[in-house]
$ cat model-v8.pdb   # PDB, N, CA and C atoms, pLDDT in the B column
ATOM      1  N   GLU A   1     -34.949   5.874 -36.076  1.00 57.00           N
ATOM      2  CA  GLU A   1     -33.595   5.462 -35.642  1.00 57.00           C
ATOM      3  C   GLU A   1     -32.943   6.576 -34.799  1.00 57.00           C
ATOM      4  N   TRP A   2     -32.911   7.790 -35.392  1.00 57.00           N
ATOM      5  CA  TRP A   2     -32.265   8.901 -34.687  1.00 57.00           C
ATOM      6  C   TRP A   2     -32.985   9.184 -33.364  1.00 57.00           C
ATOM      7  N   LYS A   3     -34.328   9.163 -33.425  1.00 67.00           N
ATOM      8  CA  LYS A   3     -35.110   9.432 -32.227  1.00 67.00           C
ATOM      9  C   LYS A   3     -34.782   8.429 -31.130  1.00 67.00           C
ATOM     10  N   ASP A   4     -34.602   7.206 -31.553  1.00 70.00           N
ATOM     11  CA  ASP A   4     -34.259   6.131 -30.641  1.00 70.00           C
ATOM     12  C   ASP A   4     -32.922   6.393 -29.944  1.00 70.00           C
ATOM     13  N   MET A   5     -31.938   6.750 -30.735  1.00 66.00           N
ATOM     14  CA  MET A   5     -30.615   7.045 -30.190  1.00 66.00           C
ATOM     15  C   MET A   5     -30.684   8.217 -29.225  1.00 66.00           C
ATOM     16  N   HIS A   6     -31.458   9.214 -29.632  1.00 68.00           N
ATOM     17  CA  HIS A   6     -31.614  10.408 -28.815  1.00 68.00           C
ATOM     18  C   HIS A   6     -32.238  10.043 -27.461  1.00 68.00           C
ATOM     19  N   HIS A   7     -33.235   9.187 -27.532  1.00 72.00           N
ATOM     20  CA  HIS A   7     -33.906   8.721 -26.327  1.00 72.00           C
ATOM     21  C   HIS A   7     -32.913   8.013 -25.403  1.00 72.00           C
ATOM     22  N   GLN A   8     -32.082   7.179 -25.997  1.00 75.00           N
ATOM     23  CA  GLN A   8     -31.068   6.426 -25.258  1.00 75.00           C
ATOM     24  C   GLN A   8     -30.119   7.380 -24.533  1.00 75.00           C
ATOM     25  N   ALA A   9     -29.673   8.406 -25.248  1.00 77.00           N
ATOM     26  CA  ALA A   9     -28.756   9.391 -24.664  1.00 77.00           C
ATOM     27  C   ALA A   9     -29.429  10.099 -23.491  1.00 77.00           C
ATOM     28  N   GLY A  10     -30.709  10.421 -23.659  1.00 79.00           N
ATOM     29  CA  GLY A  10     -31.454  11.077 -22.588  1.00 79.00           C
ATOM     30  C   GLY A  10     -31.545  10.197 -21.351  1.00 79.00           C
ATOM     31  N   LEU A  11     -31.774   8.932 -21.571  1.00 79.00           N
ATOM     32  CA  LEU A  11     -31.838   7.977 -20.462  1.00 79.00           C
ATOM     33  C   LEU A  11     -30.500   7.914 -19.740  1.00 79.00           C
ATOM     34  N   GLN A  12     -29.443   7.829 -20.527  1.00 79.00           N
ATOM     35  CA  GLN A  12     -28.085   7.739 -19.981  1.00 79.00           C
ATOM     36  C   GLN A  12     -27.800   8.942 -19.094  1.00 79.00           C
ATOM     37  N   GLU A  13     -28.169  10.114 -19.606  1.00 80.00           N
ATOM     38  CA  GLU A  13     -27.933  11.353 -18.869  1.00 80.00           C
ATOM     39  C   GLU A  13     -28.724  11.369 -17.569  1.00 80.00           C
ATOM     40  N   GLY A  14     -29.975  10.945 -17.660  1.00 79.00           N
ATOM     41  CA  GLY A  14     -30.821  10.895 -16.474  1.00 79.00           C
ATOM     42  C   GLY A  14     -30.248   9.955 -15.427  1.00 79.00           C
ATOM     43  N   LEU A  15     -29.714   8.852 -15.893  1.00 78.00           N
ATOM     44  CA  LEU A  15     -29.114   7.868 -15.010  1.00 78.00           C
ATOM     45  C   LEU A  15     -27.900   8.461 -14.315  1.00 78.00           C
ATOM     46  N   GLN A  16     -27.075   9.146 -15.106  1.00 77.00           N
ATOM     47  CA  GLN A  16     -25.872   9.783 -14.578  1.00 77.00           C
ATOM     48  C   GLN A  16     -26.241  10.776 -13.475  1.00 77.00           C
ATOM     49  N   GLN A  17     -27.237  11.620 -13.757  1.00 78.00           N
ATOM     50  CA  GLN A  17     -27.668  12.607 -12.767  1.00 78.00           C
ATOM     51  C   GLN A  17     -28.223  11.922 -11.526  1.00 78.00           C
ATOM     52  N   GLY A  18     -28.964  10.845 -11.766  1.00 78.00           N
ATOM     53  CA  GLY A  18     -29.517  10.095 -10.639  1.00 78.00           C
ATOM     54  C   GLY A  18     -28.415   9.553  -9.761  1.00 78.00           C
ATOM     55  N   LEU A  19     -27.380   9.032 -10.382  1.00 76.00           N
ATOM     56  CA  LEU A  19     -26.247   8.488  -9.629  1.00 76.00           C
ATOM     57  C   LEU A  19     -25.554   9.591  -8.843  1.00 76.00           C
ATOM     58  N   GLU A  20     -25.330  10.727  -9.502  1.00 76.00           N
ATOM     59  CA  GLU A  20     -24.669  11.827  -8.823  1.00 76.00           C
ATOM     60  C   GLU A  20     -25.514  12.326  -7.663  1.00 76.00           C
ATOM     61  N   GLN A  21     -26.814  12.436  -7.889  1.00 77.00           N
ATOM     62  CA  GLN A  21     -27.732  12.860  -6.842  1.00 77.00           C
ATOM     63  C   GLN A  21     -27.650  11.875  -5.673  1.00 77.00           C
ATOM     64  N   GLY A  22     -27.645  10.594  -6.013  1.00 82.00           N
ATOM     65  CA  GLY A  22     -27.553   9.559  -4.990  1.00 82.00           C
ATOM     66  C   GLY A  22     -26.282   9.678  -4.184  1.00 82.00           C
ATOM     67  N   SER A  23     -25.176   9.940  -4.871  1.00 89.00           N
ATOM     68  CA  SER A  23     -23.918  10.002  -4.156  1.00 89.00           C
ATOM     69  C   SER A  23     -23.815  11.275  -3.313  1.00 89.00           C
ATOM     70  N   VAL A  24     -24.490  12.339  -3.745  1.00 91.00           N
ATOM     71  CA  VAL A  24     -24.558  13.548  -2.913  1.00 91.00           C
ATOM     72  C   VAL A  24     -25.298  13.211  -1.615  1.00 91.00           C
ATOM     73  N   ASN A  25     -26.428  12.530  -1.761  1.00 92.00           N
ATOM     74  CA  ASN A  25     -27.205  12.154  -0.577  1.00 92.00           C
ATOM     75  C   ASN A  25     -26.394  11.237   0.338  1.00 92.00           C
ATOM     76  N   GLU A  26     -25.663  10.323  -0.284  1.00 93.00           N
ATOM     77  CA  GLU A  26     -24.849   9.388   0.481  1.00 93.00           C
ATOM     78  C   GLU A  26     -23.768  10.137   1.256  1.00 93.00           C
ATOM     79  N   ALA A  27     -23.072  11.027   0.569  1.00 93.00           N
ATOM     80  CA  ALA A  27     -22.019  11.817   1.206  1.00 93.00           C
ATOM     81  C   ALA A  27     -22.616  12.644   2.340  1.00 93.00           C
ATOM     82  N   ARG A  28     -23.786  13.232   2.089  1.00 95.00           N
ATOM     83  CA  ARG A  28     -24.443  14.062   3.102  1.00 95.00           C
ATOM     84  C   ARG A  28     -24.795  13.227   4.337  1.00 95.00           C
ATOM     85  N   ASN A  29     -25.329  12.037   4.097  1.00 95.00           N
ATOM     86  CA  ASN A  29     -25.712  11.176   5.217  1.00 95.00           C
ATOM     87  C   ASN A  29     -24.505  10.725   6.026  1.00 95.00           C
ATOM     88  N   ILE A  30     -23.418  10.413   5.349  1.00 94.00           N
ATOM     89  CA  ILE A  30     -22.188  10.002   6.043  1.00 94.00           C
ATOM     90  C   ILE A  30     -21.695  11.142   6.912  1.00 94.00           C
ATOM     91  N   LEU A  31     -21.608  12.332   6.317  1.00 96.00           N
ATOM     92  CA  LEU A  31     -21.111  13.497   7.054  1.00 96.00           C
ATOM     93  C   LEU A  31     -22.021  13.801   8.239  1.00 96.00           C
ATOM     94  N   ARG A  32     -23.338  13.760   8.005  1.00 96.00           N
ATOM     95  CA  ARG A  32     -24.281  14.053   9.079  1.00 96.00           C
ATOM     96  C   ARG A  32     -24.076  13.085  10.243  1.00 96.00           C
ATOM     97  N   ARG A  33     -23.909  11.807   9.927  1.00 96.00           N
ATOM     98  CA  ARG A  33     -23.704  10.804  10.972  1.00 96.00           C
ATOM     99  C   ARG A  33     -22.436  11.076  11.762  1.00 96.00           C
ATOM    100  N   GLN A  34     -21.374  11.432  11.058  1.00 95.00           N
ATOM    101  CA  GLN A  34     -20.110  11.725  11.733  1.00 95.00           C
ATOM    102  C   GLN A  34     -20.247  12.943  12.640  1.00 95.00           C
ATOM    103  N   LEU A  35     -20.922  13.969  12.124  1.00 96.00           N
ATOM    104  CA  LEU A  35     -21.071  15.201  12.902  1.00 96.00           C
ATOM    105  C   LEU A  35     -21.888  14.957  14.161  1.00 96.00           C
ATOM    106  N   VAL A  36     -22.974  14.207  14.005  1.00 97.00           N
ATOM    107  CA  VAL A  36     -23.830  13.929  15.159  1.00 97.00           C
ATOM    108  C   VAL A  36     -23.066  13.089  16.183  1.00 97.00           C
ATOM    109  N   ARG A  37     -22.307  12.126  15.705  1.00 95.00           N
ATOM    110  CA  ARG A  37     -21.545  11.264  16.607  1.00 95.00           C
ATOM    111  C   ARG A  37     -20.498  12.066  17.358  1.00 95.00           C
ATOM    112  N   ARG A  38     -19.877  13.008  16.657  1.00 95.00           N
ATOM    113  CA  ARG A  38     -18.783  13.767  17.268  1.00 95.00           C
ATOM    114  C   ARG A  38     -19.279  14.955  18.086  1.00 95.00           C
ATOM    115  N   PHE A  39     -20.311  15.640  17.591  1.00 95.00           N
ATOM    116  CA  PHE A  39     -20.704  16.909  18.219  1.00 95.00           C
ATOM    117  C   PHE A  39     -22.106  16.912  18.797  1.00 95.00           C
ATOM    118  N   GLY A  40     -22.852  15.830  18.646  1.00 96.00           N
ATOM    119  CA  GLY A  40     -24.234  15.835  19.115  1.00 96.00           C
ATOM    120  C   GLY A  40     -25.157  16.403  18.056  1.00 96.00           C
ATOM    121  N   SER A  41     -26.347  16.815  18.461  1.00 94.00           N
ATOM    122  CA  SER A  41     -27.358  17.205  17.468  1.00 94.00           C
ATOM    123  C   SER A  41     -26.926  18.455  16.708  1.00 94.00           C
ATOM    124  N   LEU A  42     -27.432  18.581  15.490  1.00 96.00           N
ATOM    125  CA  LEU A  42     -27.033  19.667  14.605  1.00 96.00           C
ATOM    126  C   LEU A  42     -28.106  20.746  14.564  1.00 96.00           C
ATOM    127  N   SER A  43     -27.662  21.995  14.479  1.00 95.00           N
ATOM    128  CA  SER A  43     -28.612  23.103  14.403  1.00 95.00           C
ATOM    129  C   SER A  43     -29.225  23.154  13.005  1.00 95.00           C
ATOM    130  N   GLU A  44     -30.303  23.898  12.884  1.00 96.00           N
ATOM    131  CA  GLU A  44     -30.950  24.054  11.571  1.00 96.00           C
ATOM    132  C   GLU A  44     -30.000  24.716  10.581  1.00 96.00           C
ATOM    133  N   ARG A  45     -29.156  25.590  11.081  1.00 96.00           N
ATOM    134  CA  ARG A  45     -28.207  26.287  10.207  1.00 96.00           C
ATOM    135  C   ARG A  45     -27.212  25.293   9.600  1.00 96.00           C
ATOM    136  N   ILE A  46     -26.756  24.368  10.422  1.00 96.00           N
ATOM    137  CA  ILE A  46     -25.816  23.353   9.947  1.00 96.00           C
ATOM    138  C   ILE A  46     -26.521  22.409   8.971  1.00 96.00           C
ATOM    139  N   GLU A  47     -27.742  22.012   9.318  1.00 96.00           N
ATOM    140  CA  GLU A  47     -28.533  21.170   8.405  1.00 96.00           C
ATOM    141  C   GLU A  47     -28.682  21.853   7.050  1.00 96.00           C
ATOM    142  N   ALA A  48     -28.958  23.155   7.069  1.00 97.00           N
ATOM    143  CA  ALA A  48     -29.135  23.906   5.828  1.00 97.00           C
ATOM    144  C   ALA A  48     -27.834  23.917   5.025  1.00 97.00           C
ATOM    145  N   LYS A  49     -26.712  24.056   5.726  1.00 96.00           N
ATOM    146  CA  LYS A  49     -25.402  24.007   5.076  1.00 96.00           C
ATOM    147  C   LYS A  49     -25.209  22.661   4.381  1.00 96.00           C
ATOM    148  N   LEU A  50     -25.525  21.588   5.089  1.00 96.00           N
ATOM    149  CA  LEU A  50     -25.372  20.244   4.529  1.00 96.00           C
ATOM    150  C   LEU A  50     -26.270  20.072   3.309  1.00 96.00           C
ATOM    151  N   ASN A  51     -27.506  20.537   3.430  1.00 95.00           N
ATOM    152  CA  ASN A  51     -28.468  20.347   2.346  1.00 95.00           C
ATOM    153  C   ASN A  51     -28.126  21.165   1.116  1.00 95.00           C
ATOM    154  N   GLY A  52     -27.410  22.259   1.301  1.00 95.00           N
ATOM    155  CA  GLY A  52     -27.071  23.113   0.174  1.00 95.00           C
ATOM    156  C   GLY A  52     -25.723  22.804  -0.453  1.00 95.00           C
ATOM    157  N   ALA A  53     -24.992  21.863   0.120  1.00 95.00           N
ATOM    158  CA  ALA A  53     -23.615  21.624  -0.316  1.00 95.00           C
ATOM    159  C   ALA A  53     -23.544  20.729  -1.552  1.00 95.00           C
ATOM    160  N   SER A  54     -22.531  20.962  -2.346  1.00 92.00           N
ATOM    161  CA  SER A  54     -22.257  20.089  -3.499  1.00 92.00           C
ATOM    162  C   SER A  54     -21.547  18.837  -3.000  1.00 92.00           C
ATOM    163  N   ARG A  55     -21.439  17.863  -3.866  1.00 91.00           N
ATOM    164  CA  ARG A  55     -20.743  16.632  -3.491  1.00 91.00           C
ATOM    165  C   ARG A  55     -19.278  16.911  -3.146  1.00 91.00           C
ATOM    166  N   GLU A  56     -18.633  17.779  -3.936  1.00 91.00           N
ATOM    167  CA  GLU A  56     -17.225  18.101  -3.685  1.00 91.00           C
ATOM    168  C   GLU A  56     -17.062  18.699  -2.298  1.00 91.00           C
ATOM    169  N   GLN A  57     -17.965  19.597  -1.977  1.00 94.00           N
ATOM    170  CA  GLN A  57     -17.908  20.255  -0.682  1.00 94.00           C
ATOM    171  C   GLN A  57     -18.071  19.234   0.440  1.00 94.00           C
ATOM    172  N   LEU A  58     -19.076  18.388   0.290  1.00 95.00           N
ATOM    173  CA  LEU A  58     -19.342  17.372   1.307  1.00 95.00           C
ATOM    174  C   LEU A  58     -18.123  16.472   1.483  1.00 95.00           C
ATOM    175  N   GLU A  59     -17.513  16.085   0.365  1.00 91.00           N
ATOM    176  CA  GLU A  59     -16.353  15.204   0.460  1.00 91.00           C
ATOM    177  C   GLU A  59     -15.180  15.897   1.136  1.00 91.00           C
ATOM    178  N   ASP A  60     -15.059  17.204   0.919  1.00 93.00           N
ATOM    179  CA  ASP A  60     -14.029  17.977   1.618  1.00 93.00           C
ATOM    180  C   ASP A  60     -14.259  17.933   3.115  1.00 93.00           C
ATOM    181  N   TRP A  61     -15.506  18.065   3.495  1.00 95.00           N
ATOM    182  CA  TRP A  61     -15.849  18.164   4.923  1.00 95.00           C
ATOM    183  C   TRP A  61     -15.811  16.818   5.640  1.00 95.00           C
ATOM    184  N   ILE A  62     -15.962  15.729   4.889  1.00 93.00           N
ATOM    185  CA  ILE A  62     -16.136  14.420   5.525  1.00 93.00           C
ATOM    186  C   ILE A  62     -14.952  14.029   6.410  1.00 93.00           C
ATOM    187  N   ASP A  63     -13.744  14.450   6.033  1.00 90.00           N
ATOM    188  CA  ASP A  63     -12.568  14.068   6.827  1.00 90.00           C
ATOM    189  C   ASP A  63     -12.382  14.941   8.054  1.00 90.00           C
ATOM    190  N   ARG A  64     -13.055  16.064   8.096  1.00 94.00           N
ATOM    191  CA  ARG A  64     -12.723  17.058   9.116  1.00 94.00           C
ATOM    192  C   ARG A  64     -13.254  16.816  10.520  1.00 94.00           C
ATOM    193  N   PRO A  65     -14.407  16.146  10.697  1.00 92.00           N
ATOM    194  CA  PRO A  65     -14.921  16.054  12.065  1.00 92.00           C
ATOM    195  C   PRO A  65     -13.890  15.513  13.052  1.00 92.00           C
ATOM    196  N   TYR A  66     -12.962  14.693  12.576  1.00 89.00           N
ATOM    197  CA  TYR A  66     -11.995  14.089  13.490  1.00 89.00           C
ATOM    198  C   TYR A  66     -10.726  14.926  13.635  1.00 89.00           C
ATOM    199  N   GLU A  67     -10.621  15.984  12.839  1.00 93.00           N
ATOM    200  CA  GLU A  67      -9.413  16.807  12.874  1.00 93.00           C
ATOM    201  C   GLU A  67      -9.621  18.103  13.647  1.00 93.00           C
ATOM    202  N   VAL A  68     -10.865  18.436  13.954  1.00 94.00           N
ATOM    203  CA  VAL A  68     -11.145  19.743  14.557  1.00 94.00           C
ATOM    204  C   VAL A  68     -11.777  19.587  15.938  1.00 94.00           C
ATOM    205  N   GLU A  69     -11.709  20.665  16.698  1.00 93.00           N
ATOM    206  CA  GLU A  69     -12.289  20.657  18.045  1.00 93.00           C
ATOM    207  C   GLU A  69     -13.736  21.124  18.041  1.00 93.00           C
ATOM    208  N   GLU A  70     -14.028  22.099  17.165  1.00 94.00           N
ATOM    209  CA  GLU A  70     -15.338  22.736  17.164  1.00 94.00           C
ATOM    210  C   GLU A  70     -16.099  22.392  15.894  1.00 94.00           C
ATOM    211  N   LEU A  71     -17.398  22.226  16.024  1.00 95.00           N
ATOM    212  CA  LEU A  71     -18.254  21.939  14.874  1.00 95.00           C
ATOM    213  C   LEU A  71     -18.039  22.961  13.753  1.00 95.00           C
ATOM    214  N   GLU A  72     -17.960  24.235  14.125  1.00 93.00           N
ATOM    215  CA  GLU A  72     -17.821  25.298  13.121  1.00 93.00           C
ATOM    216  C   GLU A  72     -16.579  25.114  12.256  1.00 93.00           C
ATOM    217  N   ASP A  73     -15.524  24.561  12.831  1.00 95.00           N
ATOM    218  CA  ASP A  73     -14.248  24.447  12.108  1.00 95.00           C
ATOM    219  C   ASP A  73     -14.334  23.424  10.969  1.00 95.00           C
ATOM    220  N   VAL A  74     -15.304  22.531  11.039  1.00 95.00           N
ATOM    221  CA  VAL A  74     -15.480  21.566   9.959  1.00 95.00           C
ATOM    222  C   VAL A  74     -15.720  22.303   8.649  1.00 95.00           C
ATOM    223  N   PHE A  75     -16.414  23.421   8.712  1.00 93.00           N
ATOM    224  CA  PHE A  75     -16.859  24.126   7.504  1.00 93.00           C
ATOM    225  C   PHE A  75     -15.933  25.258   7.082  1.00 93.00           C
ATOM    226  N   ARG A  76     -14.823  25.399   7.759  1.00 88.00           N
ATOM    227  CA  ARG A  76     -13.891  26.487   7.404  1.00 88.00           C
ATOM    228  C   ARG A  76     -13.026  26.088   6.245  1.00 88.00           C
TER     229      ARG A  76
END
$ encode --input "model-v8.pdb" --output "structure tokens"
Amino acid sequence: EWKDMHHQAGLQEGLQQGLEQGSVNEARNILRRQLVRRFGSLSERIEAKLNGASREQLEDWIDRPYEVEELEDVFR
């Protein structure tokens, strides 16, 4: 019984992480699309920044491409 419950909790946690991982990827893809549309192709350095960012960070940046003149300012 206990093992069963424990297993269930583990599944739930895995699902939660999967969802969060998915939403990080989603946020990253949205931001990448906006950046490419606004500024053209992205350098490897910018790609690395996107790939290393947390979801919170990505969500902070998502609104910025339309508020700034320079690609670099998105990340300030």
$ select_by_dssp --input "model-v8.pdb" --residues "chain A" --states "alpha helix (DSSP H)" --output "PyMOL selection string"
chain A and resi 2-39+44-52+55-62+71-74
$ resolve_selection --input "model-v8.pdb" --expression "the PyMOL selection byres ((chain A and resi 75) around 8)" --output "PyMOL selection string"
chain A and resi 61+64-65+70-74+76
$ atom_distance --input "model-v8.pdb" --atom1 "atom CA of Ala53 of chain A" --atom2 "atom CA of Ala9 of chain A"
27.7 Å
$ atom_distance --input "model-v8.pdb" --atom1 "atom C of Gly22 of chain A" --atom2 "atom N of Glu59 of chain A"
11.8 Å
$ atom_distance --input "model-v8.pdb" --atom1 "atom CA of Ser23 of chain A" --atom2 "atom N of Ile46 of chain A"
20.7 Å
$ decode --input "model-v8.pdb" --residues "segment 20-32 of chain A" --atoms "N, CA, C and O atoms" --output "PDB file, in the first residue's frame"
ATOM      1  N   GLU A  20       6.866  21.545 -16.371  1.00  0.00           N
ATOM      2  CA  GLU A  20       7.695  22.730 -16.236  1.00  0.00           C
ATOM      3  C   GLU A  20       8.753  22.769 -17.326  1.00  0.00           C
ATOM      4  O   GLU A  20       9.007  23.803 -17.918  1.00  0.00           O
ATOM      5  N   GLN A  21       9.357  21.624 -17.599  1.00  0.00           N
ATOM      6  CA  GLN A  21      10.356  21.526 -18.653  1.00  0.00           C
ATOM      7  C   GLN A  21       9.719  21.925 -19.987  1.00  0.00           C
ATOM      8  O   GLN A  21      10.289  22.673 -20.754  1.00  0.00           O
ATOM      9  N   GLY A  22       8.521  21.408 -20.217  1.00  0.00           N
ATOM     10  CA  GLY A  22       7.803  21.727 -21.446  1.00  0.00           C
ATOM     11  C   GLY A  22       7.539  23.208 -21.574  1.00  0.00           C
ATOM     12  O   GLY A  22       7.721  23.791 -22.640  1.00  0.00           O
ATOM     13  N   SER A  23       7.141  23.829 -20.469  1.00  0.00           N
ATOM     14  CA  SER A  23       6.813  25.238 -20.550  1.00  0.00           C
ATOM     15  C   SER A  23       8.070  26.097 -20.699  1.00  0.00           C
ATOM     16  O   SER A  23       8.020  27.163 -21.292  1.00  0.00           O
ATOM     17  N   VAL A  24       9.195  25.614 -20.175  1.00  0.00           N
ATOM     18  CA  VAL A  24      10.467  26.311 -20.406  1.00  0.00           C
ATOM     19  C   VAL A  24      10.779  26.281 -21.906  1.00  0.00           C
ATOM     20  O   VAL A  24      11.107  27.302 -22.499  1.00  0.00           O
ATOM     21  N   ASN A  25      10.637  25.101 -22.496  1.00  0.00           N
ATOM     22  CA  ASN A  25      10.905  24.972 -23.931  1.00  0.00           C
ATOM     23  C   ASN A  25       9.957  25.854 -24.743  1.00  0.00           C
ATOM     24  O   ASN A  25      10.361  26.479 -25.714  1.00  0.00           O
ATOM     25  N   GLU A  26       8.705  25.884 -24.311  1.00  0.00           N
ATOM     26  CA  GLU A  26       7.707  26.686 -25.005  1.00  0.00           C
ATOM     27  C   GLU A  26       8.070  28.167 -24.928  1.00  0.00           C
ATOM     28  O   GLU A  26       8.045  28.872 -25.932  1.00  0.00           O
ATOM     29  N   ALA A  27       8.396  28.624 -23.731  1.00  0.00           N
ATOM     30  CA  ALA A  27       8.776  30.022 -23.534  1.00  0.00           C
ATOM     31  C   ALA A  27      10.009  30.339 -24.375  1.00  0.00           C
ATOM     32  O   ALA A  27      10.095  31.384 -25.018  1.00  0.00           O
ATOM     33  N   ARG A  28      10.971  29.416 -24.384  1.00  0.00           N
ATOM     34  CA  ARG A  28      12.205  29.624 -25.146  1.00  0.00           C
ATOM     35  C   ARG A  28      11.900  29.743 -26.643  1.00  0.00           C
ATOM     36  O   ARG A  28      12.426  30.622 -27.319  1.00  0.00           O
ATOM     37  N   ASN A  29      11.036  28.862 -27.128  1.00  0.00           N
ATOM     38  CA  ASN A  29      10.695  28.891 -28.552  1.00  0.00           C
ATOM     39  C   ASN A  29       9.963  30.167 -28.936  1.00  0.00           C
ATOM     40  O   ASN A  29      10.211  30.731 -30.003  1.00  0.00           O
ATOM     41  N   ILE A  30       9.071  30.623 -28.078  1.00  0.00           N
ATOM     42  CA  ILE A  30       8.337  31.869 -28.342  1.00  0.00           C
ATOM     43  C   ILE A  30       9.315  33.025 -28.414  1.00  0.00           C
ATOM     44  O   ILE A  30       9.293  33.830 -29.351  1.00  0.00           O
ATOM     45  N   LEU A  31      10.187  33.113 -27.409  1.00  0.00           N
ATOM     46  CA  LEU A  31      11.157  34.211 -27.360  1.00  0.00           C
ATOM     47  C   LEU A  31      12.077  34.157 -28.574  1.00  0.00           C
ATOM     48  O   LEU A  31      12.329  35.175 -29.221  1.00  0.00           O
ATOM     49  N   ARG A  32      12.556  32.953 -28.907  1.00  0.00           N
ATOM     50  CA  ARG A  32      13.457  32.813 -30.046  1.00  0.00           C
ATOM     51  C   ARG A  32      12.780  33.315 -31.321  1.00  0.00           C
ATOM     52  O   ARG A  32      13.376  34.038 -32.110  1.00  0.00           O
TER      53      ARG A  32
END
